[in-house]
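structure.txt follows (compact mmCIF, C-alpha atoms and all ligand atoms):
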# COMPACT_ATOMS: atom_id res chain seq x y z
CA MET L 1 110.22 53.16 83.94
CA ARG L 2 112.46 56.07 83.09
CA ILE L 3 111.06 58.59 85.52
CA ARG L 4 110.42 57.53 89.09
CA PRO L 5 109.77 60.48 91.47
CA ARG L 6 110.17 58.06 94.38
CA ARG L 7 113.92 57.80 93.71
CA LEU L 8 114.41 61.14 95.42
CA ARG L 9 112.21 60.20 98.36
CA GLU L 10 113.90 57.02 99.50
CA ASN L 11 117.06 58.25 101.24
CA PRO L 12 116.40 60.66 104.14
CA ILE L 13 119.61 62.58 103.47
CA LEU L 14 118.74 63.12 99.84
CA ARG L 15 115.18 63.97 100.82
CA ARG L 16 116.53 66.71 103.03
CA MET L 17 118.77 67.98 100.25
CA VAL L 18 115.98 68.38 97.72
CA ARG L 19 113.51 70.04 100.07
CA GLU L 20 112.11 73.10 98.34
CA THR L 21 110.96 75.01 101.38
CA ARG L 22 112.80 75.63 104.61
CA LEU L 23 111.89 77.38 107.77
CA SER L 24 114.54 79.37 109.57
CA VAL L 25 114.36 80.92 113.04
CA ASP L 26 115.12 84.25 111.37
CA GLN L 27 111.69 84.22 109.78
CA LEU L 28 109.70 84.01 113.00
CA ILE L 29 107.93 86.78 114.89
CA TYR L 30 106.44 86.06 118.32
CA PRO L 31 103.30 87.97 119.44
CA VAL L 32 103.26 89.00 123.12
CA PHE L 33 100.56 90.64 125.29
CA VAL L 34 101.44 93.24 127.91
CA VAL L 35 99.26 94.33 130.83
CA GLU L 36 99.64 96.88 133.61
CA GLY L 37 100.76 95.90 137.10
CA GLU L 38 103.62 93.85 138.47
CA GLY L 39 104.51 90.20 138.81
CA ILE L 40 101.75 89.16 136.42
CA ARG L 41 102.07 86.14 134.16
CA GLU L 42 98.54 84.89 133.59
CA GLU L 43 97.69 82.24 131.08
CA ILE L 44 95.10 83.20 128.48
CA SER L 45 92.35 80.62 128.86
CA SER L 46 91.51 80.45 125.15
CA MET L 47 95.19 80.29 124.14
CA PRO L 48 96.94 77.56 126.12
CA GLY L 49 100.64 78.26 126.59
CA GLN L 50 100.25 82.01 125.89
CA PHE L 51 100.31 84.57 128.70
CA ARG L 52 99.64 88.18 129.57
CA TYR L 53 102.77 89.72 131.07
CA SER L 54 103.34 92.79 133.19
CA GLN L 55 106.43 94.83 132.38
CA ASP L 56 108.76 92.96 134.74
CA THR L 57 107.79 89.44 133.68
CA LEU L 58 107.72 90.63 130.06
CA ILE L 59 111.43 91.36 130.18
CA GLU L 60 112.16 87.83 131.43
CA GLU L 61 110.01 86.40 128.67
CA LEU L 62 111.67 88.51 125.99
CA GLY L 63 115.05 87.33 127.26
CA GLN L 64 113.95 83.74 126.67
CA VAL L 65 112.60 84.56 123.23
CA GLN L 66 115.94 86.05 122.32
CA GLU L 67 117.85 83.09 123.72
CA LEU L 68 115.89 80.81 121.43
CA GLY L 69 117.09 82.87 118.49
CA VAL L 70 113.69 84.32 117.59
CA PRO L 71 114.65 87.74 116.21
CA ALA L 72 111.45 89.73 116.74
CA VAL L 73 108.32 90.15 118.82
CA MET L 74 105.01 91.84 118.04
CA LEU L 75 103.78 93.67 121.14
CA PHE L 76 100.12 94.24 122.06
CA GLY L 77 99.14 96.45 124.99
CA ILE L 78 96.11 95.78 127.16
CA PRO L 79 95.25 98.73 129.43
CA GLU L 80 93.10 98.48 132.54
CA VAL L 81 89.40 98.70 131.68
CA ASP L 82 88.94 102.11 133.33
CA LYS L 83 91.67 103.58 131.10
CA LYS L 84 89.77 102.75 127.91
CA ASP L 85 87.84 105.59 126.29
CA ALA L 86 86.10 106.46 123.02
CA ARG L 87 89.32 107.71 121.39
CA GLY L 88 91.69 105.00 122.60
CA THR L 89 93.86 107.53 124.46
CA ALA L 90 95.68 104.82 126.42
CA GLY L 91 97.05 103.55 123.12
CA TYR L 92 99.22 106.59 122.46
CA ALA L 93 99.77 107.95 125.99
CA ARG L 94 103.50 108.10 126.74
CA ASP L 95 102.85 106.72 130.22
CA GLY L 96 100.45 104.10 128.86
CA VAL L 97 101.01 100.35 129.06
CA ILE L 98 102.41 99.86 125.59
CA CYS L 99 104.76 102.88 125.39
CA GLN L 100 106.16 102.01 128.80
CA ALA L 101 106.71 98.40 127.81
CA LEU L 102 108.43 99.40 124.58
CA GLU L 103 110.72 101.77 126.42
CA LYS L 104 111.74 99.18 128.97
CA ALA L 105 112.15 96.39 126.45
CA ARG L 106 114.30 98.55 124.18
CA LYS L 107 116.57 99.29 127.13
CA ASP L 108 116.68 95.85 128.77
CA VAL L 109 116.62 93.58 125.69
CA PRO L 110 118.30 95.81 123.14
CA ASP L 111 119.02 93.14 120.52
CA LEU L 112 115.47 91.90 120.14
CA LEU L 113 113.53 93.58 117.33
CA LEU L 114 110.37 95.25 118.67
CA ILE L 115 107.36 95.52 116.38
CA ALA L 116 104.47 97.59 117.72
CA ASP L 117 100.97 96.71 116.55
CA VAL L 118 99.20 99.98 115.72
CA CYS L 119 95.44 99.81 116.31
CA LEU L 120 92.94 101.35 118.69
CA CYS L 121 90.69 98.37 119.44
CA GLU L 122 92.52 97.29 122.60
CA TYR L 123 92.29 100.84 123.92
CA THR L 124 88.75 101.95 123.04
CA ASP L 125 85.84 101.35 125.41
CA HIS L 126 83.65 100.25 122.48
CA GLY L 127 86.31 97.85 121.12
CA HIS L 128 86.29 99.17 117.54
CA CYS L 129 89.50 100.05 115.71
CA GLY L 130 88.84 103.80 115.47
CA ILE L 131 86.54 106.68 116.32
CA ILE L 132 82.92 105.66 115.86
CA ASP L 133 79.54 107.04 114.99
CA HIS L 134 77.15 104.96 116.98
CA GLN L 135 73.44 105.00 116.35
CA GLU L 136 72.01 104.19 119.76
CA GLY L 137 69.96 101.01 119.71
CA SER L 138 70.80 100.12 116.12
CA GLY L 139 73.63 97.75 117.03
CA GLN L 140 75.57 99.34 114.18
CA ALA L 141 78.78 101.29 114.33
CA THR L 142 80.58 103.21 111.61
CA VAL L 143 84.24 103.89 112.14
CA ARG L 144 85.16 107.39 110.93
CA ASN L 145 88.09 106.78 108.66
CA ASP L 146 89.86 110.11 108.31
CA GLU L 147 89.59 111.19 111.93
CA THR L 148 90.95 107.83 113.00
CA LEU L 149 94.02 108.34 110.80
CA GLU L 150 95.21 111.18 113.02
CA LEU L 151 95.12 108.98 116.10
CA LEU L 152 96.86 106.09 114.36
CA ALA L 153 99.62 108.47 113.27
CA LEU L 154 99.96 109.72 116.85
CA ALA L 155 100.23 106.14 118.08
CA ALA L 156 102.84 105.18 115.48
CA VAL L 157 105.02 108.16 116.38
CA ALA L 158 104.62 107.46 120.11
CA TYR L 159 105.72 103.83 119.59
CA ALA L 160 108.70 104.79 117.46
CA GLU L 161 109.78 107.29 120.09
CA ALA L 162 109.26 104.77 122.88
CA GLY L 163 111.58 102.30 121.15
CA ALA L 164 109.70 100.28 118.53
CA HIS L 165 111.95 99.26 115.65
CA LEU L 166 108.96 98.77 113.32
CA VAL L 167 105.31 99.80 113.42
CA ALA L 168 102.56 97.52 112.19
CA PRO L 169 99.16 99.11 111.49
CA SER L 170 96.38 96.50 111.79
CA ASP L 171 93.30 98.74 111.75
CA MET L 172 92.39 98.59 108.03
CA MET L 173 91.52 102.28 107.69
CA ASP L 174 92.02 103.64 104.18
CA GLY L 175 95.13 105.77 103.81
CA ARG L 176 96.69 104.81 107.11
CA VAL L 177 100.08 103.82 105.76
CA ALA L 178 100.45 107.24 104.11
CA ALA L 179 99.28 109.03 107.24
CA ILE L 180 101.69 107.08 109.43
CA ARG L 181 104.60 107.47 107.00
CA GLU L 182 104.10 111.20 106.84
CA ALA L 183 103.87 111.56 110.61
CA LEU L 184 106.97 109.44 111.20
CA ASP L 185 108.94 111.40 108.62
CA GLN L 186 107.86 114.69 110.13
CA GLU L 187 109.18 113.56 113.49
CA ARG L 188 112.49 112.48 111.94
CA ARG L 189 111.64 108.80 112.20
CA GLU L 190 112.08 108.22 108.47
CA ASP L 191 114.15 105.10 109.24
CA VAL L 192 111.33 103.27 111.02
CA PRO L 193 109.82 100.71 108.60
CA ILE L 194 106.09 100.06 108.29
CA LEU L 195 104.91 96.46 108.29
CA SER L 196 101.32 96.88 107.14
CA TYR L 197 98.58 94.36 107.74
CA ALA L 198 97.66 94.98 104.08
CA ALA L 199 95.14 92.19 103.56
CA LYS L 200 93.41 91.68 106.86
CA TYR L 201 90.18 89.74 106.69
CA ALA L 202 87.09 90.07 108.90
CA SER L 203 87.80 86.64 110.31
CA GLY L 204 86.22 84.44 112.93
CA PHE L 205 89.72 83.14 113.63
CA TYR L 206 90.50 86.20 115.80
CA GLY L 207 88.15 84.98 118.54
CA PRO L 208 90.78 83.92 121.11
CA PHE L 209 92.83 87.11 120.54
CA ARG L 210 89.86 89.32 121.35
CA ASP L 211 89.45 87.36 124.52
CA ALA L 212 93.16 87.76 125.27
CA ALA L 213 93.23 91.48 124.47
CA GLU L 214 89.74 92.22 125.79
CA SER L 215 89.01 93.91 122.47
CA THR L 216 85.72 92.36 121.35
CA PRO L 217 83.48 95.09 119.86
CA GLN L 218 80.69 96.00 122.28
CA PHE L 219 78.26 96.22 119.34
CA GLY L 220 78.40 95.57 115.61
CA ASP L 221 81.36 93.87 113.97
CA ARG L 222 84.44 94.78 111.90
CA ARG L 223 83.04 93.97 108.46
CA SER L 224 82.86 97.62 107.44
CA TYR L 225 86.64 97.94 107.61
CA GLN L 226 88.22 94.48 107.50
CA MET L 227 88.04 92.47 104.26
CA ASP L 228 85.36 90.05 103.14
CA PRO L 229 86.77 86.48 103.37
CA ALA L 230 85.32 85.79 99.91
CA ASN L 231 87.65 88.25 98.15
CA SER L 232 91.17 87.85 96.82
CA ARG L 233 91.48 90.42 94.00
CA GLU L 234 90.63 93.01 96.60
CA ALA L 235 93.63 91.83 98.63
CA LEU L 236 95.89 92.73 95.73
CA LYS L 237 94.30 96.15 95.55
CA GLU L 238 94.94 96.68 99.27
CA VAL L 239 98.55 95.57 98.86
CA ASP L 240 99.04 97.89 95.87
CA LEU L 241 97.68 100.82 97.83
CA ASP L 242 99.83 100.14 100.88
CA LEU L 243 102.94 99.84 98.72
CA ASP L 244 102.10 103.12 97.01
CA GLU L 245 101.70 104.72 100.40
CA GLY L 246 105.10 103.49 101.53
CA ALA L 247 104.67 100.10 103.22
CA ASP L 248 108.00 98.28 103.58
CA ILE L 249 106.58 94.82 104.34
CA VAL L 250 103.04 93.66 103.57
CA MET L 251 101.15 91.10 105.61
CA VAL L 252 98.27 88.72 104.97
CA LYS L 253 96.13 87.71 107.93
CA PRO L 254 94.96 85.06 108.88
CA ALA L 255 97.42 82.64 107.25
CA MET L 256 96.26 79.05 106.83
CA PRO L 257 92.77 79.78 105.48
CA TYR L 258 94.30 82.35 103.07
CA LEU L 259 97.30 80.55 101.54
CA ASP L 260 96.05 81.43 98.05
CA VAL L 261 96.14 85.10 98.99
CA ILE L 262 99.68 84.81 100.36
CA PHE L 263 100.68 83.15 97.08
CA GLN L 264 99.15 85.89 94.96
CA VAL L 265 100.64 88.67 97.03
CA ARG L 266 104.04 86.99 96.71
CA GLN L 267 103.68 87.07 92.91
CA LEU L 268 102.57 90.70 92.91
CA THR L 269 105.35 92.37 94.83
CA THR L 270 109.09 92.35 95.42
CA VAL L 271 108.89 93.53 99.05
CA PRO L 272 108.96 90.96 101.87
CA VAL L 273 105.62 89.27 102.51
CA ALA L 274 104.56 88.34 106.03
CA ALA L 275 101.69 86.13 107.19
CA TYR L 276 100.00 86.05 110.59
CA GLN L 277 99.00 82.62 111.85
CA VAL L 278 96.36 84.02 114.17
CA SER L 279 95.01 83.06 117.56
CA GLY L 280 92.18 80.89 116.24
CA GLU L 281 94.53 78.91 114.04
CA TYR L 282 96.81 78.35 117.04
CA SER L 283 94.07 77.49 119.51
CA ALA L 284 92.20 75.15 117.14
CA LEU L 285 95.41 73.20 116.57
CA CYS L 286 96.23 73.16 120.30
CA ALA L 287 92.76 71.81 121.10
CA ALA L 288 93.28 68.97 118.66
CA PHE L 289 96.79 68.30 120.04
CA ASP L 290 95.37 68.11 123.56
CA ARG L 291 92.83 65.53 122.53
CA GLY L 292 95.43 63.45 120.81
CA TRP L 293 93.66 63.98 117.48
CA LEU L 294 96.66 65.62 115.82
CA GLU L 295 100.38 65.09 116.41
CA ARG L 296 101.73 68.28 117.92
CA GLU L 297 105.19 68.80 116.47
CA ARG L 298 104.43 67.30 113.13
CA VAL L 299 101.30 69.32 112.48
CA MET L 300 102.76 72.54 113.82
CA ALA L 301 105.75 72.12 111.48
CA GLU L 302 103.49 71.29 108.55
CA SER L 303 101.34 74.36 109.15
CA LEU L 304 104.37 76.68 109.20
CA LEU L 305 105.94 75.04 106.16
CA ALA L 306 102.68 75.45 104.25
CA ILE L 307 102.66 79.16 105.01
CA ARG L 308 106.26 79.42 103.84
CA ARG L 309 105.53 77.37 100.70
CA ALA L 310 102.66 79.69 99.82
CA GLY L 311 105.19 82.53 99.74
CA ALA L 312 105.51 84.13 103.16
CA ASP L 313 109.00 85.33 104.02
CA LEU L 314 108.07 86.06 107.61
CA ILE L 315 105.56 84.36 109.89
CA VAL L 316 103.96 85.86 112.96
CA THR L 317 103.00 82.85 115.07
CA TYR L 318 102.23 81.85 118.64
CA PHE L 319 104.27 78.71 117.89
CA ALA L 320 107.43 80.79 117.34
CA LYS L 321 109.27 79.64 120.47
CA GLU L 322 108.34 76.01 120.00
CA ALA L 323 109.25 76.10 116.32
CA ALA L 324 112.59 77.73 117.15
CA ARG L 325 113.39 74.86 119.52
CA LEU L 326 112.60 72.29 116.83
CA ILE L 327 114.59 74.12 114.20
CA ARG L 328 117.60 74.28 116.50
CA GLN L 329 117.39 70.55 117.20
CA GLY L 330 117.36 69.98 113.46
CA ASP L 331 113.84 68.56 113.57
CA LEU L 332 112.27 71.16 111.34
C1 LIG G 1 94.04 94.46 116.34
C2 LIG G 1 94.48 93.08 116.02
C3 LIG G 1 93.75 91.88 116.02
C4 LIG G 1 94.67 90.86 115.76
C5 LIG G 1 95.91 91.46 115.58
N1 LIG G 1 95.76 92.83 115.72
C6 LIG G 1 92.34 91.60 116.34
C7 LIG G 1 91.23 92.05 115.48
O1 LIG G 1 91.38 92.69 114.44
O2 LIG G 1 90.12 91.76 115.90
C8 LIG G 1 94.38 89.39 115.72
C9 LIG G 1 95.51 88.51 116.12
C10 LIG G 1 95.12 87.11 116.41
O3 LIG G 1 93.95 86.69 116.32
O4 LIG G 1 96.03 86.37 116.79
N2 LIG G 1 93.17 95.03 115.46
What is this file in structure tokens?
Amino acid sequence: MRIRPRRLRENPILRRMVRETRLSVDQLIYPVFVVEGEGIREEISSMPGQFRYSQDTLIEELGQVQELGVPAVMLFGIPEVDKKDARGTAGYARDGVICQALEKARKDVPDLLLIADVCLCEYTDHGHCGIIDHQEGSGQATVRNDETLELLALAAVAYAEAGAHLVAPSDMMDGRVAAIREALDQERREDVPILSYAAKYASGFYGPFRDAAESTPQFGDRRSYQMDPANSREALKEVDLDLDEGADIVMVKPAMPYLDVIFQVRQLTTVPVAAYQVSGEYSALCAAFDRGWLERERVMAESLLAIRRAGADLIVTYFAKEAARLIRQGDL
């Protein structure tokens, strides 16, 4: 036989040399949840190994993230229930949980890149991602697109001023990248990049996150603004629009069930592509690890490599710290 693909698979050194896809610590982004109060580090029951931190414990955690070489975190604020209102005011209040955390983190952990998720769902009392029209008793909610844009722009500016290095709109309103870009530029924050959740699907895989962030919609669902899981051409349209509006990095979310979308987005654009391995992907894997049904390190590594192979340059993942440890040991 002239051609034997196995020749390159026999020797482990050679196998390593001809690997097509690599994962580097530099490509990882770690999502972190911040709550009000002090001395809090409570484990999220649906996300084993992930915690809600108050400002003080957050700083310790961010120090560890940095020590592991993970370059960036994505911060989510969770206000106290009585601070939530119909317009998500706590999301853009300068003395609110997220602005305060950004300010402190920027000061105390200056070399860690801070990405602020921009969305209203953690801050609204109804749990939707914007201002709503609610027909009492119908169980339906319509999010008013254009009015919501103003609030998202306010939030993005507040986060940039509080210390966020990047802002990451995850709301899926039409025109939000343009609205945010314009507002940032007006406030002389033209250097703050926008990482847009360009193709964000209405996914069941966000279940554990909504539990963690207490952001489950009180009625209705998000299908009128997040994308239909059946569509991929539409993802390209969303990416095109966001790029036109000034997005610097585009993201696909979730990751593993949408590898084909990541691949297509990678082909479409020259800007960096990110993918978010979301809470449900993490928790489903952890549940199987716990039962001994899947091998933890091996499967975690395989899942991240698959996301890279599909075309993601950056991966937002709850496994970031663990993956960083493996990469540093040379095991990934
Ligand atoms: C906010 C937001 C969500 C996630 C990131 N930003 C939840 C949602 O849209 O319901 C999900 C993250 C995850 O599941 O890990 N809109």
Name all residues at most 7 Å from Glu214 of chain L (count all atoms listed in the file; drop same-chain ones fewer than 3 positions away) and give them as a list in words.
Glu122, Arg210 and Asp211 of chain L
Between atom CA of Tyr92 of chain L and atom CA of Val239 of chain L, distance in Å (one decimal):
26.1 Å
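Considering all atoms listed in the file, the residue among L:Ala247, L:Ala183, L:Ala275, L:Leu114 positioned nearest to ligand LIG 1 (chain G) is L:Ala275.
The space separating atom CA of Arg189 of chain L from atom CA of Leu102 of chain L comes to 15.9 Å.
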Quick one: residues within 10 Å of Ala323 of chain L, only C-alpha atoms counted, chain neighbours fewer than 6 positions away excluded, as a list of chain:residue names?
L:Leu23, L:Ser24, L:Val25, L:Leu28, L:Leu68, L:Val70, L:Glu297, L:Met300, L:Ala301, L:Leu304, L:Thr317, L:Gln329, L:Asp331, L:Leu332
I'd like to know which of L:Val65, L:Cys99, L:Ala86, L:Val273 is closest to Thr148 of chain L, using all atoms listed in the file.
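Ranked by minimum distance to Thr148 of chain L, first place goes to L:Ala86.
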Which residues sit within 6 Å of ligand LIG 1 (chain G), counting all atoms listed in the file, listed as a PyMOL selection string?
chain L and resi 119+121+170-171+206+209-210+278-279
Show which residues sit within 12 Å of Val250 of chain L, as a PyMOL selection string. Count all atoms listed in the file, and ignore same-chain residues fewer than 3 positions away.
chain L and resi 167-170+177+193-200+235-236+238-247+253+261-262+265-266+268-276+311-315
Hey, can you check how far atom CA of Phe263 of chain L sits from atom CA of Leu285 of chain L?
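Between atom CA of Phe263 of chain L and atom CA of Leu285 of chain L the gap works out to 22.5 Å.
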Counting only C-alpha atoms, the residue among L:Phe76, L:Gln50, L:Leu259, L:Leu8 that lies closest to Arg309 of chain L is L:Leu259
Pick from L:Arg181, L:Ala212, L:His165, L:Leu112, whichever lies nearest to Gly69 of chain L using all atoms listed in the file
L:Leu112
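For the set L:Asp111, L:Glu161, L:Asp95, L:Glu103, the residue with the smallest atom-to-atom gap to Ala72 of chain L is L:Asp111, counting all atoms listed in the file.
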Could you check the closest approach to Tyr123 of chain L for each of L:Val157, L:Ile59, L:Ile98, L:Ile78 and tell me which residue wins, using all atoms listed in the file?
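When distances to Tyr123 of chain L are compared using all atoms listed in the file, the smallest one comes from L:Ile78.
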Applying 12 Å and only C-alpha atoms, which residues near Pro5 of chain L remain after dropping the ones on its own chain fewer than 5 positions away? List them as a PDB file with C-alpha atoms, in the coordinates of the input.
ATOM      1  CA  GLU L  10     113.900  57.020  99.500  1.00  0.00           C
ATOM      2  CA  ARG L  15     115.180  63.970 100.820  1.00  0.00           C
ATOM      3  CA  VAL L  18     115.980  68.380  97.720  1.00  0.00           C
TER       4      VAL L  18
END
Test item: axis-aligned box, all listed atoms of segment 327-331 of chain L, 8 Å on each side, centre and edges in Å rounded to one decimal, as lines of an AutoDock Vina configuration file:
center_x = 115.7
center_y = 71.4
center_z = 115.3
size_x = 19.8
size_y = 21.7
size_z = 19.7
Neighbour list for Gln140 of chain L as a ChimeraX atom specification, cut-off 12 Å, all atoms listed in the file, skip fewer than 6 positions in-chain
/L:126,128,132-134,217-224
